[in-house]
file start_33.cif (mmCIF, C-alpha atoms)
data_input
loop_
_atom_site.group_PDB
_atom_site.id
_atom_site.type_symbol
_atom_site.label_atom_id
_atom_site.label_comp_id
_atom_site.auth_asym_id
_atom_site.auth_seq_id
_atom_site.Cartn_x
_atom_site.Cartn_y
_atom_site.Cartn_z
ATOM 1 C CA MET A 1 -37.244 -1.216 -25.485
ATOM 2 C CA ALA A 2 -34.369 0.533 -23.723
ATOM 3 C CA ILE A 3 -33.610 4.120 -24.635
ATOM 4 C CA TRP A 4 -30.041 4.649 -25.770
ATOM 5 C CA LYS A 5 -28.320 7.590 -24.145
ATOM 6 C CA ALA A 6 -24.925 8.929 -25.188
ATOM 7 C CA GLN A 7 -22.306 9.108 -22.458
ATOM 8 C CA ARG A 8 -19.361 11.434 -22.133
ATOM 9 C CA THR A 9 -16.128 9.537 -21.828
ATOM 10 C CA LEU A 10 -13.107 10.323 -19.697
ATOM 11 C CA LEU A 11 -9.738 8.600 -19.760
ATOM 12 C CA ILE A 12 -7.594 9.369 -16.748
ATOM 13 C CA VAL A 13 -4.141 7.850 -16.492
ATOM 14 C CA GLY A 14 -2.199 7.578 -13.264
ATOM 15 C CA GLU A 15 1.576 7.517 -13.327
ATOM 16 C CA GLY A 16 1.764 4.371 -11.216
ATOM 17 C CA ARG A 17 -0.177 1.936 -9.069
ATOM 18 C CA HIS A 18 -0.730 4.369 -6.173
ATOM 19 C CA GLU A 19 -2.244 6.990 -8.467
ATOM 20 C CA GLU A 20 -4.367 4.346 -10.189
ATOM 21 C CA ALA A 21 -5.784 3.161 -6.853
ATOM 22 C CA PHE A 22 -6.545 6.731 -5.774
ATOM 23 C CA LEU A 23 -8.217 7.533 -9.097
ATOM 24 C CA ASN A 24 -10.353 4.403 -8.791
ATOM 25 C CA HIS A 25 -11.277 5.555 -5.273
ATOM 26 C CA LEU A 26 -12.382 8.921 -6.711
ATOM 27 C CA LYS A 27 -14.345 7.158 -9.442
ATOM 28 C CA LYS A 28 -16.165 5.091 -6.802
ATOM 29 C CA LEU A 29 -16.956 8.235 -4.781
ATOM 30 C CA TYR A 30 -18.043 10.591 -7.541
ATOM 31 C CA VAL A 31 -19.136 8.647 -10.636
ATOM 32 C CA PRO A 32 -22.256 6.574 -9.952
ATOM 33 C CA ARG A 33 -23.570 4.196 -12.583
ATOM 34 C CA GLY A 34 -25.954 5.761 -15.027
ATOM 35 C CA CYS A 35 -24.725 9.315 -14.438
ATOM 36 C CA GLY A 36 -23.912 9.895 -18.120
ATOM 37 C CA LEU A 37 -20.139 9.740 -17.656
ATOM 38 C CA SER A 38 -17.973 6.733 -18.424
ATOM 39 C CA VAL A 39 -14.585 6.921 -16.675
ATOM 40 C CA THR A 40 -11.682 4.694 -17.652
ATOM 41 C CA VAL A 41 -8.731 4.633 -15.255
ATOM 42 C CA LYS A 42 -5.403 3.295 -16.494
ATOM 43 C CA ASN A 43 -1.860 2.986 -15.159
ATOM 44 C CA ALA A 44 1.164 4.086 -17.211
ATOM 45 C CA ARG A 45 3.543 2.031 -15.018
ATOM 46 C CA GLY A 46 5.733 4.923 -13.874
ATOM 47 C CA LYS A 47 9.011 5.997 -15.506
ATOM 48 C CA GLY A 48 8.453 9.759 -15.284
ATOM 49 C CA ALA A 49 6.188 12.428 -16.704
ATOM 50 C CA LEU A 50 7.355 12.160 -20.317
ATOM 51 C CA HIS A 51 6.666 8.424 -20.351
ATOM 52 C CA VAL A 52 3.180 8.980 -18.889
ATOM 53 C CA VAL A 53 2.288 11.583 -21.525
ATOM 54 C CA ASN A 54 3.692 9.435 -24.370
ATOM 55 C CA TRP A 55 1.914 6.335 -23.058
ATOM 56 C CA THR A 56 -1.371 8.239 -22.821
ATOM 57 C CA ALA A 57 -0.938 9.603 -26.353
ATOM 58 C CA ARG A 58 -0.635 6.020 -27.615
ATOM 59 C CA GLN A 59 -3.813 5.066 -25.737
ATOM 60 C CA ILE A 60 -5.858 7.844 -27.307
ATOM 61 C CA ALA A 61 -4.562 6.963 -30.755
ATOM 62 C CA ASN A 62 -6.477 3.672 -30.389
ATOM 63 C CA ALA A 63 -9.712 4.932 -28.812
ATOM 64 C CA ASP A 64 -11.758 8.110 -28.740
ATOM 65 C CA PHE A 65 -12.426 9.892 -25.445
ATOM 66 C CA ASP A 66 -14.161 13.224 -24.833
ATOM 67 C CA VAL A 67 -11.643 14.215 -22.160
ATOM 68 C CA VAL A 68 -8.180 12.838 -21.423
ATOM 69 C CA ALA A 69 -6.173 13.602 -18.292
ATOM 70 C CA VAL A 70 -3.075 12.345 -16.518
ATOM 71 C CA LEU A 71 -2.113 12.436 -12.844
ATOM 72 C CA LEU A 72 1.674 12.536 -12.688
ATOM 73 C CA ASP A 73 4.604 13.529 -10.507
ATOM 74 C CA THR A 74 6.715 16.541 -11.433
ATOM 75 C CA ASP A 75 9.949 15.217 -9.917
ATOM 76 C CA VAL A 76 11.058 13.245 -13.019
ATOM 77 C CA ASP A 77 10.878 14.437 -16.653
ATOM 78 C CA TRP A 78 8.443 17.299 -16.085
ATOM 79 C CA ASN A 79 9.659 20.139 -18.297
ATOM 80 C CA ALA A 80 8.555 22.475 -21.084
ATOM 81 C CA LYS A 81 8.921 19.742 -23.733
ATOM 82 C CA THR A 82 6.641 17.348 -21.827
ATOM 83 C CA GLU A 83 4.142 20.121 -21.126
ATOM 84 C CA LYS A 84 4.055 21.085 -24.820
ATOM 85 C CA LEU A 85 3.530 17.468 -25.891
ATOM 86 C CA ALA A 86 0.594 17.130 -23.478
ATOM 87 C CA ARG A 87 -0.932 20.354 -24.770
ATOM 88 C CA THR A 88 -0.458 19.243 -28.402
ATOM 89 C CA LYS A 89 -2.154 15.900 -27.702
ATOM 90 C CA LYS A 90 -4.955 17.651 -25.735
ATOM 91 C CA ILE A 91 -4.078 15.835 -22.536
ATOM 92 C CA GLN A 92 -4.977 17.683 -19.334
ATOM 93 C CA VAL A 93 -2.197 17.377 -16.769
ATOM 94 C CA ILE A 94 -2.926 17.103 -13.059
ATOM 95 C CA LYS A 95 0.427 17.611 -11.358
ATOM 96 C CA SER A 96 1.471 16.087 -8.047
ATOM 97 C CA GLU A 97 4.283 18.341 -6.848
ATOM 98 C CA PRO A 98 6.817 16.932 -6.334
ATOM 99 C CA CYS A 99 5.126 13.538 -5.992
ATOM 100 C CA PHE A 100 1.784 11.882 -5.262
ATOM 101 C CA GLU A 101 2.625 11.039 -1.652
ATOM 102 C CA ALA A 102 3.616 14.647 -0.884
ATOM 103 C CA MET A 103 0.325 15.897 -2.307
ATOM 104 C CA MET A 104 -1.669 13.406 -0.238
ATOM 105 C CA LEU A 105 0.228 14.214 2.959
ATOM 106 C CA ARG A 106 -0.408 17.946 2.490
ATOM 107 C CA LEU A 107 -4.070 17.169 1.843
ATOM 108 C CA VAL A 108 -4.460 15.794 5.363
ATOM 109 C CA GLY A 109 -2.380 18.575 6.907
ATOM 110 C CA LYS A 110 0.875 16.685 7.387
ATOM 111 C CA SER A 111 4.370 17.866 6.532
ATOM 112 C CA ALA A 112 5.636 16.749 3.129
ATOM 113 C CA ILE A 113 9.377 17.294 3.404
ATOM 114 C CA GLY A 114 11.975 14.806 2.191
ATOM 115 C CA ASP A 115 12.734 12.598 -0.774
ATOM 116 C CA ALA A 116 10.248 10.214 -2.381
ATOM 117 C CA GLN A 117 11.198 7.233 -0.192
ATOM 118 C CA VAL A 118 10.739 9.227 3.017
ATOM 119 C CA LEU A 119 7.383 10.535 1.816
ATOM 120 C CA LYS A 120 6.195 7.043 0.833
ATOM 121 C CA LYS A 121 7.047 5.835 4.362
ATOM 122 C CA GLN A 122 5.126 8.724 5.949
ATOM 123 C CA PHE A 123 2.158 8.136 3.648
ATOM 124 C CA ALA A 124 1.923 4.353 4.115
ATOM 125 C CA PRO A 125 0.064 4.353 7.481
ATOM 126 C CA LEU A 126 -2.682 6.542 5.986
ATOM 127 C CA VAL A 127 -3.528 3.791 3.487
ATOM 128 C CA ASN A 128 -3.147 0.723 5.685
ATOM 129 C CA ASN A 129 0.445 0.278 4.441
ATOM 130 C CA ASP A 130 -0.783 -0.606 0.928
ATOM 131 C CA ALA A 131 -1.393 2.375 -1.341
ATOM 132 C CA THR A 132 -2.262 0.109 -4.270
ATOM 133 C CA GLN A 133 -5.703 -0.804 -2.896
ATOM 134 C CA ARG A 134 -8.601 1.539 -3.726
ATOM 135 C CA ASP A 135 -10.519 0.806 -0.520
ATOM 136 C CA HIS A 136 -7.576 1.820 1.677
ATOM 137 C CA TYR A 137 -8.103 5.470 0.710
ATOM 138 C CA ALA A 138 -11.616 5.620 2.194
ATOM 139 C CA LEU A 139 -10.644 6.266 5.828
ATOM 140 C CA HIS A 140 -8.481 9.368 5.377
ATOM 141 C CA PHE A 141 -9.542 10.483 1.899
ATOM 142 C CA GLY A 142 -13.339 10.345 1.914
ATOM 143 C CA SER A 143 -15.469 12.961 0.183
ATOM 144 C CA GLU A 144 -15.540 15.245 3.264
ATOM 145 C CA SER A 145 -11.765 15.163 3.589
ATOM 146 C CA LEU A 146 -11.287 15.825 -0.118
ATOM 147 C CA LEU A 147 -13.733 18.725 -0.060
ATOM 148 C CA ALA A 148 -11.977 20.252 2.954
ATOM 149 C CA GLY A 149 -8.599 19.648 1.334
ATOM 150 C CA ARG A 150 -9.430 21.650 -1.771
ATOM 151 C CA ASN A 151 -8.305 24.773 0.091
ATOM 152 C CA LYS A 152 -5.015 23.169 1.177
ATOM 153 C CA GLU A 153 -4.005 21.445 -2.047
ATOM 154 C CA LEU A 154 -4.327 23.178 -5.407
ATOM 155 C CA THR A 155 -4.087 19.914 -7.386
ATOM 156 C CA ILE A 156 -7.147 18.466 -5.627
ATOM 157 C CA ASP A 157 -9.020 21.713 -6.264
ATOM 158 C CA LEU A 158 -8.151 21.626 -9.966
ATOM 159 C CA ALA A 159 -9.052 17.937 -10.296
ATOM 160 C CA SER A 160 -12.444 18.534 -8.656
ATOM 161 C CA ARG A 161 -13.604 20.986 -11.293
#
call {"tool": "encode", "arguments": {"input": "start_33.cif", "output": "structure tokens"}}
result
Amino acid sequence: MAIWKAQRTLLIVGEGRHEEAFLNHLKKLYVPRGCGLSVTVKNARGKGALHVVNWTARQIANADFDVVAVLLDTDVDWNAKTEKLARTKKIQVIKSEPCFEAMMLRLVGKSAIGDAQVLKKQFAPLVNNDATQRDHYALHFGSESLLAGRNKELTIDLASR
């Protein structure tokens, strides 16, 4: 007879498809089967920080998780109202400032200057020109790179705790 063991549950929501792929990459790297942690990664389909927090709040109204977090950009709709809503709903916010691509470029020591479209173009070669595929993050964003990047990028350091 199998022994039942309770697992801690984590819901982490990415703002869009790039964040979702990266979060699934992290899950593959750091959450082995049978470790006692069940991680659910979801995608809020963009539309800014307020939408991501509201979307996540609706998700947790339907299911119970021990910890809930969102990875979102601060360039659209990130303000005191959105921050207060996240705090009220007990959603931990992992901020990509100003956007996910800028954070990832800084992580590998590259300049992250320009608007979102420019940053997406600079970021694309690092993920085989398709940031929506989890496996494309392995080359430049493996565990060694992420560990080294904790000193360069505060968001990665906070997410690793």
call {"tool": "resolve_selection", "arguments": {"input": "start_33.cif", "expression": "the PyMOL selection byres ((chain A and resi 115-126) around 7)", "output": "count of residues only"}}
result
11
call {"tool": "resolve_selection", "arguments": {"input": "start_33.cif", "expression": "the PyMOL selection byres ((chain A and resi 11) around 9)", "output": "VMD selection string"}}
result
chain A and resid 9 to 10 12 to 13 38 to 42 56 60 65 to 70
call {"tool": "closest_residue", "arguments": {"input": "start_33.cif", "among": "A:Leu71, A:Val53, A:Glu19, A:Met104", "to": "A:Leu85", "atoms": "only C-alpha atoms"}}
result
A:Val53
call {"tool": "residues_around", "arguments": {"input": "start_33.cif", "residues": "stretch 72-74 of chain A", "least_positions_apart": "5", "cutoff": "6 Å", "atoms": "all atoms listed in the file", "output": "list in words"}}
result
Glu15, Lys95, Ser96, Glu97, Pro98 and Cys99 of chain A
call {"tool": "closest_residue", "arguments": {"input": "start_33.cif", "among": "A:Met103, A:Ala21, A:Ala80, A:Ile91", "to": "A:Asn43", "atoms": "all atoms listed in the file"}}
result
A:Ala21
call {"tool": "resolve_selection", "arguments": {"input": "start_33.cif", "expression": "the PyMOL selection byres ((chain A and resi 49) around 6)", "output": "ChimeraX atom specification"}}
result
/A:48,50-52,77-78
call {"tool": "atom_distance", "arguments": {"input": "start_33.cif", "atom1": "atom CA of A:Tyr30", "atom2": "atom CA of A:Ser143"}}
result
8.5 Å
call {"tool": "closest_residue", "arguments": {"input": "start_33.cif", "among": "A:Pro32, A:Gly14, A:Gly149, A:Gly46", "to": "A:Leu107", "atoms": "all atoms listed in the file"}}
result
A:Gly149
call {"tool": "atom_distance", "arguments": {"input": "start_33.cif", "atom1": "atom CA of A:Lys47", "atom2": "atom CA of A:Val76"}}
result
7.9 Å
call {"tool": "residues_around", "arguments": {"input": "start_33.cif", "residues": "A:Ala148", "least_positions_apart": "6", "cutoff": "12 Å", "atoms": "all atoms listed in the file", "output": "list of chain:residue names"}}
result
A:Arg106, A:Leu107, A:Val108, A:Gly109, A:His140, A:Phe141, A:Gly142, A:Leu154, A:Ile156, A:Asp157, A:Ser160
call {"tool": "closest_atom_pairs", "arguments": {"input": "start_33.cif", "of": "stretch 6-94 of chain A", "to": "stretch 132-139 of chain A", "cutoff": "10 Å", "atoms": "all atoms listed in the file", "output": "tab-separated table"}}
result
residue	atom	partner	partner_atom	distance
A:Gly16	CA	A:Thr132	CA	9.1
A:Arg17	CA	A:Thr132	CA	5.5
A:His18	CA	A:Thr132	CA	4.9
A:Glu19	CA	A:Thr132	CA	8.1
A:Glu20	CA	A:Thr132	CA	7.6
A:Ala21	CA	A:Arg134	CA	4.5
A:Phe22	CA	A:Arg134	CA	5.9
A:Leu23	CA	A:Arg134	CA	8.1
A:Asn24	CA	A:Arg134	CA	6.1
A:His25	CA	A:Arg134	CA	5.1
A:Leu26	CA	A:Arg134	CA	8.8
A:Lys27	CA	A:Arg134	CA	9.9
A:Lys28	CA	A:Arg134	CA	8.9
A:Leu29	CA	A:Ala138	CA	9.2
call {"tool": "atom_distance", "arguments": {"input": "start_33.cif", "atom1": "atom CA of A:Lys90", "atom2": "atom CA of A:Arg8"}}
result
16.1 Å
call {"tool": "axis_aligned_box", "arguments": {"input": "start_33.cif", "around": "stretch 16-27 of chain A", "padding_each_side": "3 Å", "output": "lines of an AutoDock Vina configuration file"}}
result
center_x = -6.3
center_y = 5.4
center_z = -8.2
size_x = 22.1
size_y = 13.0
size_z = 11.9
